[in-house]
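Containing CSV, N, CA and C atoms and all ligand atoms: run-v4.csv.
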```
chain,number,residue,atom,x,y,z
K,12,MET,N,69.5,34.1,37.8
K,12,MET,CA,70.0,35.3,38.3
K,12,MET,C,70.3,36.3,37.1
K,13,ALA,N,69.7,37.5,37.2
K,13,ALA,CA,69.9,38.5,36.1
K,13,ALA,C,71.3,38.9,36.0
K,14,THR,N,71.8,39.1,34.8
K,14,THR,CA,73.1,39.6,34.5
K,14,THR,C,72.9,41.0,33.9
K,15,VAL,N,73.8,42.0,34.3
K,15,VAL,CA,73.7,43.3,33.8
K,15,VAL,C,75.0,43.7,33.2
K,16,ARG,N,75.0,44.6,32.2
K,16,ARG,CA,76.2,45.1,31.6
K,16,ARG,C,76.5,46.5,32.2
K,17,ALA,N,77.7,46.8,32.7
K,17,ALA,CA,78.0,48.1,33.2
K,17,ALA,C,79.3,48.5,32.6
K,18,ALA,N,79.7,49.8,32.8
K,18,ALA,CA,80.9,50.3,32.3
K,18,ALA,C,81.9,50.5,33.4
K,19,CYS,N,83.1,49.9,33.3
K,19,CYS,CA,84.2,50.1,34.3
K,19,CYS,C,85.1,51.2,33.6
K,20,PRO,N,85.6,52.1,34.4
K,20,PRO,CA,86.4,53.2,33.8
K,20,PRO,C,87.7,52.6,33.2
K,21,ASP,N,88.2,51.5,33.7
K,21,ASP,CA,89.4,50.9,33.2
K,21,ASP,C,89.2,49.8,32.2
K,22,CYS,N,88.2,49.0,32.4
K,22,CYS,CA,88.0,47.8,31.6
K,22,CYS,C,87.0,47.9,30.5
K,23,GLY,N,86.2,49.0,30.5
K,23,GLY,CA,85.1,49.1,29.5
K,23,GLY,C,83.9,48.4,30.0
K,24,ASP,N,83.1,47.8,29.0
K,24,ASP,CA,81.9,47.1,29.4
K,24,ASP,C,82.3,45.8,30.0
K,25,VAL,N,81.6,45.5,31.2
K,25,VAL,CA,81.7,44.3,31.9
K,25,VAL,C,80.4,43.8,32.2
K,26,GLU,N,80.2,42.5,32.5
K,26,GLU,CA,79.0,41.9,32.9
K,26,GLU,C,79.1,41.4,34.3
K,27,LEU,N,78.1,41.6,35.1
K,27,LEU,CA,78.1,41.1,36.5
K,27,LEU,C,76.6,40.8,36.9
K,28,LYS,N,76.5,40.1,38.0
K,28,LYS,CA,75.2,39.8,38.5
K,28,LYS,C,74.5,41.1,39.0
K,29,ALA,N,73.2,41.1,38.8
K,29,ALA,CA,72.4,42.3,39.2
K,29,ALA,C,72.6,42.6,40.7
K,30,THR,N,72.8,41.5,41.5
K,30,THR,CA,73.0,41.6,42.9
K,30,THR,C,74.4,42.3,43.2
K,31,GLY,N,75.2,42.4,42.3
K,31,GLY,CA,76.5,43.1,42.4
K,31,GLY,C,76.4,44.6,42.2
K,32,VAL,N,75.2,45.1,41.9
K,32,VAL,CA,75.0,46.5,41.6
K,32,VAL,C,74.2,47.1,42.8
K,33,THR,N,74.6,48.3,43.1
K,33,THR,CA,73.8,49.0,44.1
K,33,THR,C,73.3,50.3,43.5
K,34,VAL,N,72.0,50.6,43.6
K,34,VAL,CA,71.4,51.8,43.2
K,34,VAL,C,71.5,52.8,44.4
K,35,VAL,N,72.1,54.0,44.1
K,35,VAL,CA,72.3,55.0,45.2
K,35,VAL,C,71.4,56.2,44.9
K,36,HIS,N,70.5,56.5,45.8
K,36,HIS,CA,69.6,57.6,45.6
K,36,HIS,C,70.1,58.7,46.6
K,37,ILE,N,70.4,59.9,46.1
K,37,ILE,CA,70.9,61.0,46.9
K,37,ILE,C,69.8,62.1,46.9
K,38,ALA,N,69.3,62.4,48.1
K,38,ALA,CA,68.4,63.5,48.2
K,38,ALA,C,69.2,64.7,48.7
K,39,HIS,N,69.2,65.7,47.8
K,39,HIS,CA,70.0,66.9,48.1
K,39,HIS,C,69.1,67.9,48.8
K,40,HIS,N,69.7,68.6,49.7
K,40,HIS,CA,68.9,69.6,50.5
K,40,HIS,C,68.6,70.8,49.6
K,41,ALA,N,69.4,71.0,48.5
K,41,ALA,CA,69.1,72.0,47.6
K,41,ALA,C,69.4,71.5,46.2
K,42,GLY,N,68.4,71.6,45.3
K,42,GLY,CA,68.6,71.1,44.0
K,42,GLY,C,68.0,69.7,43.8
K,43,PRO,N,68.0,69.2,42.6
K,43,PRO,CA,67.3,67.9,42.3
K,43,PRO,C,68.0,66.7,43.0
K,44,ASP,N,67.2,65.7,43.2
K,44,ASP,CA,67.8,64.4,43.7
K,44,ASP,C,68.6,63.8,42.6
K,45,GLN,N,69.4,62.8,43.0
K,45,GLN,CA,70.3,62.2,42.1
K,45,GLN,C,70.2,60.7,42.2
K,46,THR,N,70.3,60.0,41.1
K,46,THR,CA,70.3,58.5,41.2
K,46,THR,C,71.6,58.1,40.4
K,47,LEU,N,72.3,57.1,41.1
K,47,LEU,CA,73.5,56.6,40.5
K,47,LEU,C,73.5,55.1,40.7
K,48,TYR,N,74.4,54.4,40.0
K,48,TYR,CA,74.6,53.0,40.3
K,48,TYR,C,76.1,52.8,40.7
K,49,ARG,N,76.3,51.9,41.6
K,49,ARG,CA,77.7,51.6,42.0
K,49,ARG,C,78.0,50.1,41.7
K,50,ILE,N,79.1,49.9,41.1
K,50,ILE,CA,79.6,48.5,40.9
K,50,ILE,C,81.0,48.3,41.4
K,51,ARG,N,81.4,47.1,41.6
K,51,ARG,CA,82.8,46.7,41.8
K,51,ARG,C,83.1,45.8,40.5
K,52,CYS,N,84.0,46.3,39.7
K,52,CYS,CA,84.3,45.6,38.5
K,52,CYS,C,84.7,44.2,38.8
K,53,PRO,N,84.1,43.2,38.1
K,53,PRO,CA,84.5,41.8,38.3
K,53,PRO,C,85.9,41.5,37.8
K,54,LYS,N,86.5,42.4,36.9
K,54,LYS,CA,87.8,42.1,36.4
K,54,LYS,C,88.9,42.7,37.2
K,55,CYS,N,88.8,44.1,37.5
K,55,CYS,CA,89.9,44.8,38.2
K,55,CYS,C,89.5,45.1,39.6
K,56,ARG,N,88.3,44.9,40.1
K,56,ARG,CA,87.8,45.1,41.4
K,56,ARG,C,87.7,46.6,41.8
K,57,VAL,N,87.9,47.5,40.9
K,57,VAL,CA,87.7,48.9,41.2
K,57,VAL,C,86.2,49.2,41.3
K,58,ILE,N,85.9,50.0,42.3
K,58,ILE,CA,84.5,50.4,42.6
K,58,ILE,C,84.3,51.7,41.8
K,59,SER,N,83.2,51.8,41.0
K,59,SER,CA,82.8,53.0,40.3
K,59,SER,C,81.4,53.3,40.5
K,60,LEU,N,81.1,54.6,40.4
K,60,LEU,CA,79.8,55.2,40.7
K,60,LEU,C,79.4,56.1,39.5
K,61,LYS,N,78.3,55.8,38.9
K,61,LYS,CA,77.9,56.6,37.7
K,61,LYS,C,76.5,57.0,37.7
K,62,PRO,N,76.1,58.1,37.1
K,62,PRO,CA,74.7,58.5,37.0
K,62,PRO,C,73.8,57.4,36.4
K,63,CYS,N,72.6,57.4,36.8
K,63,CYS,CA,71.7,56.4,36.3
K,63,CYS,C,70.3,57.0,36.2
K,64,ASP,N,69.6,56.8,35.1
K,64,ASP,CA,68.3,57.4,35.0
K,64,ASP,C,67.3,56.6,35.9
K,65,PRO,N,66.2,57.2,36.3
K,65,PRO,CA,65.3,56.5,37.2
K,65,PRO,C,64.7,55.3,36.7
K,66,ARG,N,64.4,55.2,35.4
K,66,ARG,CA,63.9,54.0,34.8
K,66,ARG,C,64.9,52.8,34.8
K,67,ALA,N,66.1,53.1,34.5
K,67,ALA,CA,67.2,52.1,34.6
K,67,ALA,C,67.3,51.6,36.0
K,68,ALA,N,67.2,52.6,37.0
K,68,ALA,CA,67.3,52.2,38.4
K,68,ALA,C,66.2,51.3,38.8
K,69,GLU,N,65.0,51.5,38.3
K,69,GLU,CA,63.9,50.6,38.6
K,69,GLU,C,64.2,49.2,38.1
K,70,LEU,N,64.7,49.2,36.8
K,70,LEU,CA,65.0,47.9,36.2
K,70,LEU,C,66.0,47.1,37.0
K,71,LEU,N,67.1,47.9,37.4
K,71,LEU,CA,68.2,47.2,38.2
K,71,LEU,C,67.6,46.7,39.5
K,72,ILE,N,66.8,47.5,40.2
K,72,ILE,CA,66.3,47.1,41.5
K,72,ILE,C,65.4,45.8,41.3
K,73,GLY,N,64.5,45.9,40.3
K,73,GLY,CA,63.7,44.8,40.0
K,73,GLY,C,64.4,43.5,39.6
K,74,SER,N,65.7,43.6,39.2
K,74,SER,CA,66.5,42.5,38.8
K,74,SER,C,67.4,42.0,40.0
K,75,GLY,N,67.3,42.7,41.1
K,75,GLY,CA,68.0,42.2,42.3
K,75,GLY,C,69.1,43.1,42.8
K,76,ALA,N,69.2,44.3,42.2
K,76,ALA,CA,70.3,45.3,42.7
K,76,ALA,C,69.9,45.8,44.1
K,77,GLY,N,70.9,46.0,44.9
K,77,GLY,CA,70.6,46.6,46.2
K,77,GLY,C,70.4,48.1,46.1
K,78,THR,N,70.0,48.7,47.2
K,78,THR,CA,69.7,50.1,47.2
K,78,THR,C,70.3,50.8,48.4
K,79,VAL,N,70.7,52.0,48.3
K,79,VAL,CA,71.2,52.9,49.4
K,79,VAL,C,70.6,54.2,49.1
K,80,SER,N,70.1,54.9,50.2
K,80,SER,CA,69.6,56.2,50.1
K,80,SER,C,70.4,57.1,51.1
K,81,VAL,N,70.8,58.3,50.5
K,81,VAL,CA,71.6,59.2,51.3
K,81,VAL,C,70.8,60.6,51.3
K,82,ALA,N,70.7,61.2,52.4
K,82,ALA,CA,70.1,62.5,52.5
K,82,ALA,C,71.2,63.5,52.8
K,83,LEU,N,71.4,64.5,51.9
K,83,LEU,CA,72.5,65.5,52.2
K,83,LEU,C,71.9,66.7,52.8
K,84,THR,N,72.5,67.2,53.9
K,84,THR,CA,72.1,68.4,54.5
K,84,THR,C,73.1,69.5,54.1
K,85,PRO,N,72.8,70.7,54.4
K,85,PRO,CA,73.8,71.8,54.0
K,85,PRO,C,75.2,71.6,54.6
K,86,ASP,N,75.3,70.8,55.7
K,86,ASP,CA,76.7,70.5,56.3
K,86,ASP,C,77.3,69.3,55.7
K,87,THR,N,76.7,68.5,54.8
K,87,THR,CA,77.2,67.3,54.3
K,87,THR,C,78.1,67.6,53.1
K,88,PRO,N,79.3,67.2,53.1
K,88,PRO,CA,80.1,67.4,51.9
K,88,PRO,C,79.6,66.5,50.8
K,89,SER,N,79.8,66.9,49.5
K,89,SER,CA,79.3,66.0,48.4
K,89,SER,C,80.1,64.7,48.4
K,90,PRO,N,79.4,63.6,48.3
K,90,PRO,CA,80.1,62.3,48.2
K,90,PRO,C,80.7,62.0,46.8
K,91,LEU,N,80.6,63.0,45.9
K,91,LEU,CA,81.0,62.7,44.5
K,91,LEU,C,82.3,63.5,44.2
K,92,ARG,N,83.0,64.0,45.2
K,92,ARG,CA,84.2,64.7,44.9
K,92,ARG,C,85.3,63.7,44.4
K,93,THR,N,86.1,64.2,43.6
K,93,THR,CA,87.2,63.4,43.0
K,93,THR,C,88.6,63.8,43.4
K,94,ASP,N,88.7,64.9,44.2
K,94,ASP,CA,90.0,65.3,44.6
K,94,ASP,C,90.5,64.4,45.8
K,95,PRO,N,91.8,64.3,45.9
K,95,PRO,CA,92.3,63.4,47.0
K,95,PRO,C,91.9,64.0,48.4
K,96,ILE,N,91.8,63.1,49.3
K,96,ILE,CA,91.5,63.4,50.7
K,96,ILE,C,92.7,64.2,51.3
K,97,THR,N,92.5,65.2,52.0
K,97,THR,CA,93.6,66.1,52.6
K,97,THR,C,94.1,65.5,53.9
K,98,ASP,N,95.2,66.0,54.4
K,98,ASP,CA,95.7,65.6,55.7
K,98,ASP,C,94.8,66.1,56.8
K,99,ASP,N,94.2,67.3,56.7
K,99,ASP,CA,93.3,67.7,57.7
K,99,ASP,C,92.0,66.8,57.7
K,100,GLU,N,91.6,66.4,56.6
K,100,GLU,CA,90.4,65.5,56.5
K,100,GLU,C,90.7,64.1,57.2
K,101,CYS,N,92.0,63.7,57.0
K,101,CYS,CA,92.4,62.4,57.6
K,101,CYS,C,92.4,62.6,59.1
K,102,ILE,N,92.9,63.7,59.6
K,102,ILE,CA,92.9,63.9,61.0
K,102,ILE,C,91.5,64.0,61.6
K,103,THR,N,90.6,64.7,60.9
K,103,THR,CA,89.2,64.8,61.3
K,103,THR,C,88.6,63.4,61.4
K,104,LEU,N,88.8,62.6,60.3
K,104,LEU,CA,88.3,61.2,60.3
K,104,LEU,C,88.9,60.4,61.5
K,105,HIS,N,90.1,60.5,61.7
K,105,HIS,CA,90.8,59.8,62.8
K,105,HIS,C,90.1,60.1,64.1
K,106,GLY,N,89.7,61.4,64.3
K,106,GLY,CA,89.0,61.8,65.5
K,106,GLY,C,87.6,61.3,65.7
K,107,LEU,N,87.0,60.9,64.6
K,107,LEU,CA,85.6,60.4,64.6
K,107,LEU,C,85.5,58.9,64.9
K,108,ILE,N,86.7,58.2,64.7
K,108,ILE,CA,86.6,56.8,64.9
K,108,ILE,C,86.9,56.4,66.3
K,109,THR,N,86.1,55.6,66.9
K,109,THR,CA,86.3,55.2,68.3
K,109,THR,C,87.2,54.0,68.3
K,110,PRO,N,87.8,53.7,69.5
K,110,PRO,CA,88.7,52.5,69.6
K,110,PRO,C,87.9,51.2,69.3
K,111,ASP,N,86.6,51.2,69.5
K,111,ASP,CA,85.7,50.0,69.2
K,111,ASP,C,85.5,49.7,67.8
K,112,ASP,N,85.8,50.7,66.9
K,112,ASP,CA,85.6,50.5,65.4
K,112,ASP,C,86.7,49.6,64.9
K,113,THR,N,86.7,48.3,65.3
K,113,THR,CA,87.8,47.4,64.9
K,113,THR,C,88.0,47.2,63.4
K,114,THR,N,86.9,47.2,62.7
K,114,THR,CA,86.9,47.0,61.3
K,114,THR,C,87.7,48.1,60.6
K,115,VAL,N,87.4,49.4,61.0
K,115,VAL,CA,88.0,50.5,60.4
K,115,VAL,C,89.5,50.5,60.7
K,116,TRP,N,89.9,50.2,62.0
K,116,TRP,CA,91.3,50.2,62.3
K,116,TRP,C,92.0,49.1,61.5
K,117,GLN,N,91.4,47.9,61.3
K,117,GLN,CA,92.0,46.9,60.5
K,117,GLN,C,92.2,47.3,59.1
K,118,LEU,N,91.2,48.1,58.6
K,118,LEU,CA,91.3,48.7,57.2
K,118,LEU,C,92.5,49.6,57.1
K,119,PHE,N,92.7,50.5,58.2
K,119,PHE,CA,93.8,51.3,58.2
K,119,PHE,C,95.1,50.6,58.2
K,120,ASP,N,95.2,49.5,58.9
K,120,ASP,CA,96.4,48.6,59.0
K,120,ASP,C,96.7,48.1,57.6
K,121,VAL,N,95.7,47.6,56.9
K,121,VAL,CA,95.9,47.1,55.5
K,121,VAL,C,96.4,48.2,54.6
K,122,VAL,N,95.8,49.4,54.7
K,122,VAL,CA,96.3,50.5,53.8
K,122,VAL,C,97.7,50.8,54.2
K,123,ALA,N,98.0,50.9,55.5
K,123,ALA,CA,99.4,51.2,55.9
K,123,ALA,C,100.4,50.2,55.4
K,124,ASP,N,100.0,48.9,55.5
K,124,ASP,CA,100.9,47.8,54.9
K,124,ASP,C,101.1,48.0,53.4
K,125,MET,N,100.1,48.4,52.7
K,125,MET,CA,100.2,48.6,51.3
K,125,MET,C,101.2,49.7,50.9
K,126,HIS,N,101.2,50.7,51.8
K,126,HIS,CA,102.1,51.9,51.6
K,126,HIS,C,103.4,51.8,52.3
K,127,GLY,N,103.7,50.7,53.0
K,127,GLY,CA,105.0,50.5,53.6
K,127,GLY,C,105.2,51.3,54.9
K,128,ASP,N,104.1,51.7,55.5
K,128,ASP,CA,104.1,52.4,56.8
K,128,ASP,C,104.7,51.5,57.9
K,129,PRO,N,105.8,51.9,58.6
K,129,PRO,CA,106.4,51.0,59.5
K,129,PRO,C,105.6,50.8,60.8
K,130,SER,N,104.6,51.6,61.1
K,130,SER,CA,103.8,51.4,62.3
K,130,SER,C,102.9,50.2,62.4
K,201,ZN,ZN,87.5,47.1,35.7
```

Show me this structure written as structure tokens.
Amino acid sequence: MATVRAACPDCGDVELKATGVTVVHIAHHAGPDQTLYRIRCPKCRVISLKPCDPRAAELLIGSGAGTVSVALTPDTPSPLRTDPITDDECITLHGLITPDDTTVWQLFDVVADMHGDPS
């Protein structure tokens, strides 16, 4: 199993299995496409997403990294924003989730527990 070295914003250089890396290809409706890699740090478990040149992406994929492709339309907000989600966006998200999305509701319960929400 191939091992790769990646940079965690908190821990610095870390090593993880290539299968723990995901190459993300973003096709923009306007402007050049973008290639990034996503890791979950094996030390602190934080997920980070960083730019990746196409040659490095090929090597990662050849070593076992997963891939995700995203096509952005003019109506798609950028997935790379770093500002906090707003209350209005939370309300919009809430409206998009159906009662059958049990995994998402369980995730909300976990987050609410972490923040001491009494509900
Ligand atoms: Zn880390």

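Between atom N of Ala68 of chain K and atom CA of Ala82 of chain K there is a distance of 18.6 Å.
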
Counting only N, CA and C atoms and all ligand atoms, the residue among K:Cys63, K:Ile72, K:Val57, K:Ala17 that lies closest to ligand ZN 201 (chain K) is K:Val57

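Counting all atoms listed in the file and comparing K:Gly31, K:Gly42, K:Pro53, K:Gly75, the residue that lies closest to ligand ZN 201 (chain K) is K:Pro53.
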
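With distances taken over all atoms listed in the file, K:Cys52 is the one residue among K:Leu27, K:Cys52, K:Leu47, K:Val81 lying closest to ligand ZN 201 (chain K).
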
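Among the candidates K:Met12, K:Pro95, K:Thr30, K:Thr46, the residue lying nearest to Pro65 of chain K is K:Thr46 (atoms considered: all atoms listed in the file).
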
Ligand ZN 201 (chain K): which residues are within 8 Å, counting only N, CA and C atoms and all ligand atoms? Reply as a ChimeraX atom specification.
/K:18-25,51-58

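Between atom CA of Arg16 of chain K and atom CA of Ser59 of chain K lies a distance of 13.5 Å.
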
Please indicate the distance in Å from atom N of Pro110 of chain K to atom N of Asp98 of chain K, rounded to one decimal place.
20.8 Å

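Backbone DSSP over segment 27-107 of chain K yields strand (DSSP E) at Leu27, Lys28, Val32, Thr33, Val34, Val35, His36, Ile37, Ala38, Gln45, Thr46, Leu47, Tyr48, Arg49, Ile50, Arg51, Ile58, Ser59, Leu60, Lys61, Pro62, Gly77, Thr78, Val79, Ser80, Val81 and Ala82 of chain K.
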
Okay, now the selection with N, CA and C atoms, as a PDB file, in the frame of the given file?
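The resulting file, out-v7.pdb, is shown below:
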```
ATOM      1  N   LEU K  27      78.100  41.600  35.100  1.00  0.00           N
ATOM      2  CA  LEU K  27      78.100  41.100  36.500  1.00  0.00           C
ATOM      3  C   LEU K  27      76.600  40.800  36.900  1.00  0.00           C
ATOM      4  N   LYS K  28      76.500  40.100  38.000  1.00  0.00           N
ATOM      5  CA  LYS K  28      75.200  39.800  38.500  1.00  0.00           C
ATOM      6  C   LYS K  28      74.500  41.100  39.000  1.00  0.00           C
ATOM      7  N   VAL K  32      75.200  45.100  41.900  1.00  0.00           N
ATOM      8  CA  VAL K  32      75.000  46.500  41.600  1.00  0.00           C
ATOM      9  C   VAL K  32      74.200  47.100  42.800  1.00  0.00           C
ATOM     10  N   THR K  33      74.600  48.300  43.100  1.00  0.00           N
ATOM     11  CA  THR K  33      73.800  49.000  44.100  1.00  0.00           C
ATOM     12  C   THR K  33      73.300  50.300  43.500  1.00  0.00           C
ATOM     13  N   VAL K  34      72.000  50.600  43.600  1.00  0.00           N
ATOM     14  CA  VAL K  34      71.400  51.800  43.200  1.00  0.00           C
ATOM     15  C   VAL K  34      71.500  52.800  44.400  1.00  0.00           C
ATOM     16  N   VAL K  35      72.100  54.000  44.100  1.00  0.00           N
ATOM     17  CA  VAL K  35      72.300  55.000  45.200  1.00  0.00           C
ATOM     18  C   VAL K  35      71.400  56.200  44.900  1.00  0.00           C
ATOM     19  N   HIS K  36      70.500  56.500  45.800  1.00  0.00           N
ATOM     20  CA  HIS K  36      69.600  57.600  45.600  1.00  0.00           C
ATOM     21  C   HIS K  36      70.100  58.700  46.600  1.00  0.00           C
ATOM     22  N   ILE K  37      70.400  59.900  46.100  1.00  0.00           N
ATOM     23  CA  ILE K  37      70.900  61.000  46.900  1.00  0.00           C
ATOM     24  C   ILE K  37      69.800  62.100  46.900  1.00  0.00           C
ATOM     25  N   ALA K  38      69.300  62.400  48.100  1.00  0.00           N
ATOM     26  CA  ALA K  38      68.400  63.500  48.200  1.00  0.00           C
ATOM     27  C   ALA K  38      69.200  64.700  48.700  1.00  0.00           C
ATOM     28  N   GLN K  45      69.400  62.800  43.000  1.00  0.00           N
ATOM     29  CA  GLN K  45      70.300  62.200  42.100  1.00  0.00           C
ATOM     30  C   GLN K  45      70.200  60.700  42.200  1.00  0.00           C
ATOM     31  N   THR K  46      70.300  60.000  41.100  1.00  0.00           N
ATOM     32  CA  THR K  46      70.300  58.500  41.200  1.00  0.00           C
ATOM     33  C   THR K  46      71.600  58.100  40.400  1.00  0.00           C
ATOM     34  N   LEU K  47      72.300  57.100  41.100  1.00  0.00           N
ATOM     35  CA  LEU K  47      73.500  56.600  40.500  1.00  0.00           C
ATOM     36  C   LEU K  47      73.500  55.100  40.700  1.00  0.00           C
ATOM     37  N   TYR K  48      74.400  54.400  40.000  1.00  0.00           N
ATOM     38  CA  TYR K  48      74.600  53.000  40.300  1.00  0.00           C
ATOM     39  C   TYR K  48      76.100  52.800  40.700  1.00  0.00           C
ATOM     40  N   ARG K  49      76.300  51.900  41.600  1.00  0.00           N
ATOM     41  CA  ARG K  49      77.700  51.600  42.000  1.00  0.00           C
ATOM     42  C   ARG K  49      78.000  50.100  41.700  1.00  0.00           C
ATOM     43  N   ILE K  50      79.100  49.900  41.100  1.00  0.00           N
ATOM     44  CA  ILE K  50      79.600  48.500  40.900  1.00  0.00           C
ATOM     45  C   ILE K  50      81.000  48.300  41.400  1.00  0.00           C
ATOM     46  N   ARG K  51      81.400  47.100  41.600  1.00  0.00           N
ATOM     47  CA  ARG K  51      82.800  46.700  41.800  1.00  0.00           C
ATOM     48  C   ARG K  51      83.100  45.800  40.500  1.00  0.00           C
ATOM     49  N   ILE K  58      85.900  50.000  42.300  1.00  0.00           N
ATOM     50  CA  ILE K  58      84.500  50.400  42.600  1.00  0.00           C
ATOM     51  C   ILE K  58      84.300  51.700  41.800  1.00  0.00           C
ATOM     52  N   SER K  59      83.200  51.800  41.000  1.00  0.00           N
ATOM     53  CA  SER K  59      82.800  53.000  40.300  1.00  0.00           C
ATOM     54  C   SER K  59      81.400  53.300  40.500  1.00  0.00           C
ATOM     55  N   LEU K  60      81.100  54.600  40.400  1.00  0.00           N
ATOM     56  CA  LEU K  60      79.800  55.200  40.700  1.00  0.00           C
ATOM     57  C   LEU K  60      79.400  56.100  39.500  1.00  0.00           C
ATOM     58  N   LYS K  61      78.300  55.800  38.900  1.00  0.00           N
ATOM     59  CA  LYS K  61      77.900  56.600  37.700  1.00  0.00           C
ATOM     60  C   LYS K  61      76.500  57.000  37.700  1.00  0.00           C
ATOM     61  N   PRO K  62      76.100  58.100  37.100  1.00  0.00           N
ATOM     62  CA  PRO K  62      74.700  58.500  37.000  1.00  0.00           C
ATOM     63  C   PRO K  62      73.800  57.400  36.400  1.00  0.00           C
ATOM     64  N   GLY K  77      70.900  46.000  44.900  1.00  0.00           N
ATOM     65  CA  GLY K  77      70.600  46.600  46.200  1.00  0.00           C
ATOM     66  C   GLY K  77      70.400  48.100  46.100  1.00  0.00           C
ATOM     67  N   THR K  78      70.000  48.700  47.200  1.00  0.00           N
ATOM     68  CA  THR K  78      69.700  50.100  47.200  1.00  0.00           C
ATOM     69  C   THR K  78      70.300  50.800  48.400  1.00  0.00           C
ATOM     70  N   VAL K  79      70.700  52.000  48.300  1.00  0.00           N
ATOM     71  CA  VAL K  79      71.200  52.900  49.400  1.00  0.00           C
ATOM     72  C   VAL K  79      70.600  54.200  49.100  1.00  0.00           C
ATOM     73  N   SER K  80      70.100  54.900  50.200  1.00  0.00           N
ATOM     74  CA  SER K  80      69.600  56.200  50.100  1.00  0.00           C
ATOM     75  C   SER K  80      70.400  57.100  51.100  1.00  0.00           C
ATOM     76  N   VAL K  81      70.800  58.300  50.500  1.00  0.00           N
ATOM     77  CA  VAL K  81      71.600  59.200  51.300  1.00  0.00           C
ATOM     78  C   VAL K  81      70.800  60.600  51.300  1.00  0.00           C
ATOM     79  N   ALA K  82      70.700  61.200  52.400  1.00  0.00           N
ATOM     80  CA  ALA K  82      70.100  62.500  52.500  1.00  0.00           C
ATOM     81  C   ALA K  82      71.200  63.500  52.800  1.00  0.00           C
TER      82      ALA K  82
END
```

Filtered DSSP result for segment 46-100 of chain K, state alpha helix (DSSP H), as a list in words
Pro65, Arg66, Ala67, Ala68, Glu69, Leu70, Leu71, Ile72, Gly73, Asp98, Asp99 and Glu100 of chain K

Val79 of chain K environment, 5 Å, only N, CA and C atoms, sequence neighbours closer than 5 positions dropped, as a PyMOL selection string:
chain K and resi 34-36

So that I can check the surroundings of Ser74 of chain K, please list as a ChimeraX atom specification every protein, DNA and RNA residue that reaches within 6 Å of it, counting only C-alpha atoms and ignoring chain neighbours fewer than 2 positions away.
/K:13,29,71-72
